[in-house]
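Worksheet for the structure shown next.
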Amino acid sequence: MVRLKASRDVPTDAKIHCRTLFSGDARRRSPFAHFEPADVYSFVEECAKLMLNLGGLWFSAWIDQTRYPRQLKFVDGPLFDVSEKHLTGLACFAAIVNMQHRQGATYELAFDPDRTKIDWGLARLQATNFARVHSNAIDLASDQSRLLDMADICAYASAQALLAGNNRLNKKTARFVSLVKDMNIRTLEFCYQPRDVG
């Protein structure tokens with residue numbers, strides 16, 4: 001990926017954030033400013049091919065926000081409002097469970113730092129705190145940050161492919177369906193299932 005970035009006149013330490021890459025205004029203020037929209041997709045596609053050649057595997061999870069409660073509580077704790085950050089943390093956990101189910105328990109977890117703390121009813125913690133304190137959690141060495149670039153590509157491609165499933169006429173999202181298929185992203189839906197208490 002270092003060579004790929006250099007070949008596209010992108011600083012080798014430039015982080016890949018697909019929300020920025022695929023947004024014209026944001027891209028023009030980034031190290032990818034010289035990319036045209038077609039360049040962005042081909043760059044992301046090439047990144048995925050490189051990782052596939054190295055044996056890369058991807059797992060993702062999603063939550064239908066419209067079917068998830070707007071408030072939750074843990075055991076006897078107080079109610080707390082469920083935000084997108086909460087759902088992101090739960091989707092992260094579901095993706096880890098999906099991966100562990102298919103690959104076993106020998107893996108390492110690395111995270112792109114997001115220090116934002118949210119209310120979980122019992123304490124204010126980061127959305128992915130439960131995974132950060134996991135026994136397999138690691139601090140990623142700076143020269144391995146490209147793995148976080150690939151995680152971003154996986155998450156963005158998965159989300160866009162799901163959007164395409166809801167609107168097949170949206171050509172911008174439709175192209176991600178084939179990318180997700182090529183990457184063989186194993187996707188799982190995380191559903192809310194209230195437990196009967198009685």
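Numbering starts fresh at 1 for the residues of each chain in the structure tokens, the chains themselves are lettered A, B, ... in the order given, and ligands are numbered from 1 as they appear.
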
Discussion item. So that I can check the secondary structure, give me every residue of stretch 23-155 of chain A assigned strand (DSSP E or B) by backbone DSSP, as an MDAnalysis selection string.
Written reply: chainID A and resid 59:62 71:72 80:81 109 117:119 124:126 137

How would the residues just chosen look if you wrote them out with all heavy atoms as a compact mmCIF listing (two decimals), in the first residue's frame?
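What landed in selection.txt:
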# COMPACT_ATOMS: atom_id res chain seq x y z
N PHE A 59 -14.50 -9.04 8.04
CA PHE A 59 -15.75 -9.36 8.71
C PHE A 59 -16.42 -8.05 9.07
O PHE A 59 -15.77 -7.10 9.50
CB PHE A 59 -15.49 -10.18 9.98
CG PHE A 59 -14.82 -11.49 9.70
CD1 PHE A 59 -13.43 -11.57 9.64
CD2 PHE A 59 -15.56 -12.63 9.48
CE1 PHE A 59 -12.81 -12.78 9.36
CE2 PHE A 59 -14.94 -13.83 9.21
CZ PHE A 59 -13.56 -13.92 9.13
N SER A 60 -17.73 -7.99 8.89
CA SER A 60 -18.45 -6.77 9.25
C SER A 60 -19.79 -7.14 9.85
O SER A 60 -20.22 -8.30 9.78
CB SER A 60 -18.64 -5.86 8.03
OG SER A 60 -19.54 -6.45 7.10
N ALA A 61 -20.43 -6.18 10.46
CA ALA A 61 -21.76 -6.38 11.02
C ALA A 61 -22.53 -5.07 10.88
O ALA A 61 -21.94 -4.00 10.78
CB ALA A 61 -21.68 -6.79 12.49
N TRP A 62 -23.84 -5.19 10.86
CA TRP A 62 -24.68 -4.00 10.72
C TRP A 62 -25.92 -4.13 11.59
O TRP A 62 -26.29 -5.22 12.01
CB TRP A 62 -25.05 -3.75 9.27
CG TRP A 62 -25.88 -4.86 8.63
CD1 TRP A 62 -25.41 -6.05 8.15
CD2 TRP A 62 -27.28 -4.86 8.43
NE1 TRP A 62 -26.45 -6.79 7.66
CE2 TRP A 62 -27.61 -6.09 7.81
CE3 TRP A 62 -28.29 -3.95 8.70
CZ2 TRP A 62 -28.91 -6.42 7.47
CZ3 TRP A 62 -29.59 -4.28 8.36
CH2 TRP A 62 -29.89 -5.50 7.74
N GLN A 71 -33.98 3.51 23.65
CA GLN A 71 -33.44 3.52 25.01
C GLN A 71 -33.19 2.08 25.46
O GLN A 71 -33.91 1.17 25.07
CB GLN A 71 -34.40 4.19 25.99
CG GLN A 71 -34.48 5.70 25.83
CD GLN A 71 -35.28 6.32 26.97
OE1 GLN A 71 -36.32 5.80 27.37
NE2 GLN A 71 -34.78 7.41 27.50
N LEU A 72 -32.16 1.91 26.29
CA LEU A 72 -31.82 0.60 26.86
C LEU A 72 -31.42 0.79 28.32
O LEU A 72 -31.17 1.90 28.78
CB LEU A 72 -30.63 -0.01 26.12
CG LEU A 72 -30.85 -0.68 24.78
CD1 LEU A 72 -29.52 -1.18 24.23
CD2 LEU A 72 -31.84 -1.82 24.88
N PHE A 80 -30.72 4.64 29.33
CA PHE A 80 -29.86 5.58 28.61
C PHE A 80 -30.30 5.62 27.15
O PHE A 80 -30.84 4.64 26.64
CB PHE A 80 -28.37 5.22 28.74
CG PHE A 80 -28.00 3.88 28.17
CD1 PHE A 80 -27.61 3.75 26.84
CD2 PHE A 80 -28.02 2.73 28.96
CE1 PHE A 80 -27.25 2.52 26.31
CE2 PHE A 80 -27.67 1.50 28.44
CZ PHE A 80 -27.29 1.39 27.11
N ASP A 81 -30.11 6.78 26.53
CA ASP A 81 -30.48 6.94 25.13
C ASP A 81 -29.48 6.22 24.25
O ASP A 81 -28.27 6.31 24.46
CB ASP A 81 -30.51 8.44 24.75
CG ASP A 81 -31.66 9.17 25.43
OD1 ASP A 81 -32.67 8.52 25.74
OD2 ASP A 81 -31.53 10.38 25.67
N LEU A 109 -6.82 -7.74 18.12
CA LEU A 109 -7.74 -6.62 17.87
C LEU A 109 -6.97 -5.31 17.97
O LEU A 109 -6.30 -5.05 18.96
CB LEU A 109 -8.85 -6.61 18.92
CG LEU A 109 -9.83 -7.78 18.93
CD1 LEU A 109 -10.75 -7.66 20.13
CD2 LEU A 109 -10.62 -7.82 17.65
N LYS A 117 -16.43 9.55 24.71
CA LYS A 117 -17.09 8.67 25.67
C LYS A 117 -18.59 8.90 25.62
O LYS A 117 -19.06 10.02 25.45
CB LYS A 117 -16.55 8.94 27.08
CG LYS A 117 -15.11 8.50 27.23
CD LYS A 117 -14.64 8.55 28.66
CE LYS A 117 -13.23 8.01 28.76
NZ LYS A 117 -12.73 8.01 30.12
N ILE A 118 -19.34 7.80 25.74
CA ILE A 118 -20.79 7.88 25.70
C ILE A 118 -21.36 7.18 26.93
O ILE A 118 -20.70 6.35 27.56
CB ILE A 118 -21.35 7.24 24.41
CG1 ILE A 118 -20.82 5.83 24.23
CG2 ILE A 118 -21.06 8.11 23.21
CD1 ILE A 118 -21.36 5.12 23.01
N ASP A 119 -22.60 7.51 27.27
CA ASP A 119 -23.26 6.98 28.45
C ASP A 119 -23.81 5.58 28.16
O ASP A 119 -24.64 5.41 27.26
CB ASP A 119 -24.39 7.92 28.86
CG ASP A 119 -25.12 7.46 30.11
OD1 ASP A 119 -24.60 6.56 30.81
OD2 ASP A 119 -26.21 7.99 30.37
N ARG A 124 -19.65 6.11 31.71
CA ARG A 124 -19.35 6.72 30.42
C ARG A 124 -18.07 6.09 29.89
O ARG A 124 -17.02 6.20 30.51
CB ARG A 124 -19.20 8.24 30.55
CG ARG A 124 -20.49 8.95 30.88
CD ARG A 124 -20.33 10.46 30.87
NE ARG A 124 -19.95 10.96 29.56
CZ ARG A 124 -20.78 11.17 28.54
NH1 ARG A 124 -22.06 10.90 28.67
NH2 ARG A 124 -20.35 11.63 27.39
N LEU A 125 -18.18 5.39 28.76
CA LEU A 125 -17.05 4.69 28.17
C LEU A 125 -17.05 4.91 26.67
O LEU A 125 -18.05 5.29 26.08
CB LEU A 125 -17.16 3.18 28.45
CG LEU A 125 -17.16 2.73 29.92
CD1 LEU A 125 -17.57 1.27 30.01
CD2 LEU A 125 -15.80 2.94 30.53
N GLN A 126 -15.91 4.61 26.04
CA GLN A 126 -15.84 4.68 24.59
C GLN A 126 -16.77 3.62 23.99
O GLN A 126 -17.06 2.60 24.62
CB GLN A 126 -14.40 4.43 24.12
CG GLN A 126 -13.45 5.52 24.55
CD GLN A 126 -12.01 5.07 24.47
OE1 GLN A 126 -11.70 3.92 24.76
NE2 GLN A 126 -11.13 5.97 24.07
N ALA A 137 -6.80 -7.64 22.58
CA ALA A 137 -6.57 -6.27 22.11
C ALA A 137 -5.08 -5.95 22.12
O ALA A 137 -4.34 -6.37 23.02
CB ALA A 137 -7.32 -5.28 22.99

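Relative to atom CA of A:Leu52, atom CA of A:Ala151 is found at 13.0 Å.
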
Worksheet entry | Among listed residues A:Leu122, A:Ala95, A:Val133, A:Cys191, nearest A:Val75 (using only C-alpha atoms) | A:Leu122

Worksheet entry | Contacts of A:Leu188 at 12 Å (only C-alpha atoms; same-chain gap of 2+ positions) as a PyMOL selection string | chain A and resi 58-64+90-99+101-102+158-159+162+185-186+190-191

Selection above as a file: N, CA and C atoms, as a PDB file, in the first residue's frame:
ATOM      1  N   TRP A  58     -12.039 -10.214   5.774  1.00  0.00           N
ATOM      2  CA  TRP A  58     -12.835  -9.120   6.318  1.00  0.00           C
ATOM      3  C   TRP A  58     -14.125  -9.643   6.919  1.00  0.00           C
ATOM      4  N   PHE A  59     -14.500  -9.044   8.041  1.00  0.00           N
ATOM      5  CA  PHE A  59     -15.753  -9.364   8.710  1.00  0.00           C
ATOM      6  C   PHE A  59     -16.421  -8.046   9.069  1.00  0.00           C
ATOM      7  N   SER A  60     -17.731  -7.988   8.894  1.00  0.00           N
ATOM      8  CA  SER A  60     -18.446  -6.771   9.253  1.00  0.00           C
ATOM      9  C   SER A  60     -19.792  -7.145   9.855  1.00  0.00           C
ATOM     10  N   ALA A  61     -20.430  -6.177  10.457  1.00  0.00           N
ATOM     11  CA  ALA A  61     -21.764  -6.379  11.020  1.00  0.00           C
ATOM     12  C   ALA A  61     -22.533  -5.070  10.877  1.00  0.00           C
ATOM     13  N   TRP A  62     -23.839  -5.185  10.857  1.00  0.00           N
ATOM     14  CA  TRP A  62     -24.676  -3.996  10.720  1.00  0.00           C
ATOM     15  C   TRP A  62     -25.919  -4.131  11.593  1.00  0.00           C
ATOM     16  N   ILE A  63     -26.513  -2.992  11.852  1.00  0.00           N
ATOM     17  CA  ILE A  63     -27.708  -2.921  12.701  1.00  0.00           C
ATOM     18  C   ILE A  63     -28.724  -2.045  11.991  1.00  0.00           C
ATOM     19  N   ASP A  64     -29.953  -2.518  11.906  1.00  0.00           N
ATOM     20  CA  ASP A  64     -31.040  -1.696  11.364  1.00  0.00           C
ATOM     21  C   ASP A  64     -31.508  -0.767  12.482  1.00  0.00           C
ATOM     22  N   LEU A  90     -21.813  -1.766  19.278  1.00  0.00           N
ATOM     23  CA  LEU A  90     -22.458  -3.079  19.230  1.00  0.00           C
ATOM     24  C   LEU A  90     -22.162  -3.792  17.914  1.00  0.00           C
ATOM     25  N   ALA A  91     -22.119  -3.047  16.812  1.00  0.00           N
ATOM     26  CA  ALA A  91     -21.788  -3.645  15.512  1.00  0.00           C
ATOM     27  C   ALA A  91     -20.345  -4.145  15.522  1.00  0.00           C
ATOM     28  N   CYS A  92     -19.453  -3.397  16.150  1.00  0.00           N
ATOM     29  CA  CYS A  92     -18.051  -3.824  16.276  1.00  0.00           C
ATOM     30  C   CYS A  92     -17.991  -5.164  17.017  1.00  0.00           C
ATOM     31  N   PHE A  93     -18.712  -5.249  18.122  1.00  0.00           N
ATOM     32  CA  PHE A  93     -18.739  -6.483  18.901  1.00  0.00           C
ATOM     33  C   PHE A  93     -19.291  -7.640  18.060  1.00  0.00           C
ATOM     34  N   ALA A  94     -20.366  -7.388  17.297  1.00  0.00           N
ATOM     35  CA  ALA A  94     -20.974  -8.435  16.458  1.00  0.00           C
ATOM     36  C   ALA A  94     -20.003  -8.904  15.373  1.00  0.00           C
ATOM     37  N   ALA A  95     -19.238  -7.972  14.794  1.00  0.00           N
ATOM     38  CA  ALA A  95     -18.254  -8.353  13.774  1.00  0.00           C
ATOM     39  C   ALA A  95     -17.158  -9.230  14.379  1.00  0.00           C
ATOM     40  N   ILE A  96     -16.750  -8.913  15.608  1.00  0.00           N
ATOM     41  CA  ILE A  96     -15.730  -9.717  16.287  1.00  0.00           C
ATOM     42  C   ILE A  96     -16.264 -11.121  16.558  1.00  0.00           C
ATOM     43  N   VAL A  97     -17.505 -11.218  17.007  1.00  0.00           N
ATOM     44  CA  VAL A  97     -18.114 -12.533  17.265  1.00  0.00           C
ATOM     45  C   VAL A  97     -18.231 -13.316  15.955  1.00  0.00           C
ATOM     46  N   ASN A  98     -18.629 -12.637  14.880  1.00  0.00           N
ATOM     47  CA  ASN A  98     -18.727 -13.260  13.555  1.00  0.00           C
ATOM     48  C   ASN A  98     -17.366 -13.832  13.138  1.00  0.00           C
ATOM     49  N   MET A  99     -16.326 -13.037  13.306  1.00  0.00           N
ATOM     50  CA  MET A  99     -14.971 -13.467  12.943  1.00  0.00           C
ATOM     51  C   MET A  99     -14.516 -14.635  13.823  1.00  0.00           C
ATOM     52  N   HIS A 101     -16.351 -16.793  15.375  1.00  0.00           N
ATOM     53  CA  HIS A 101     -17.128 -17.991  15.045  1.00  0.00           C
ATOM     54  C   HIS A 101     -16.527 -18.717  13.842  1.00  0.00           C
ATOM     55  N   ARG A 102     -16.025 -17.946  12.876  1.00  0.00           N
ATOM     56  CA  ARG A 102     -15.505 -18.550  11.647  1.00  0.00           C
ATOM     57  C   ARG A 102     -14.017 -18.894  11.719  1.00  0.00           C
ATOM     58  N   SER A 158     -19.042  -2.170   2.976  1.00  0.00           N
ATOM     59  CA  SER A 158     -20.177  -2.923   3.508  1.00  0.00           C
ATOM     60  C   SER A 158     -21.410  -2.033   3.628  1.00  0.00           C
ATOM     61  N   ALA A 159     -21.229  -0.834   4.176  1.00  0.00           N
ATOM     62  CA  ALA A 159     -22.353   0.091   4.348  1.00  0.00           C
ATOM     63  C   ALA A 159     -22.950   0.498   3.002  1.00  0.00           C
ATOM     64  N   LEU A 162     -24.972  -2.325   1.485  1.00  0.00           N
ATOM     65  CA  LEU A 162     -26.279  -2.443   2.133  1.00  0.00           C
ATOM     66  C   LEU A 162     -27.234  -1.379   1.611  1.00  0.00           C
ATOM     67  N   ILE A 185     -16.381 -10.184   1.956  1.00  0.00           N
ATOM     68  CA  ILE A 185     -16.647  -9.682   3.305  1.00  0.00           C
ATOM     69  C   ILE A 185     -17.774 -10.514   3.914  1.00  0.00           C
ATOM     70  N   ARG A 186     -17.504 -11.072   5.070  1.00  0.00           N
ATOM     71  CA  ARG A 186     -18.509 -11.879   5.760  1.00  0.00           C
ATOM     72  C   ARG A 186     -19.296 -10.952   6.678  1.00  0.00           C
ATOM     73  N   PHE A 190     -26.762  -7.632  13.300  1.00  0.00           N
ATOM     74  CA  PHE A 190     -26.932  -7.693  14.747  1.00  0.00           C
ATOM     75  C   PHE A 190     -28.355  -7.235  15.038  1.00  0.00           C
ATOM     76  N   CYS A 191     -29.186  -8.138  15.546  1.00  0.00           N
ATOM     77  CA  CYS A 191     -30.592  -7.835  15.805  1.00  0.00           C
ATOM     78  C   CYS A 191     -30.844  -7.698  17.289  1.00  0.00           C
TER      79      CYS A 191
END

Fill in: DSSP-assigned alpha helix (DSSP H) members of stretch 16-192 of chain A, reported as a ChimeraX atom specification
/A:18-21,24-27,37-53,84-103,129-132,146-166,171-183
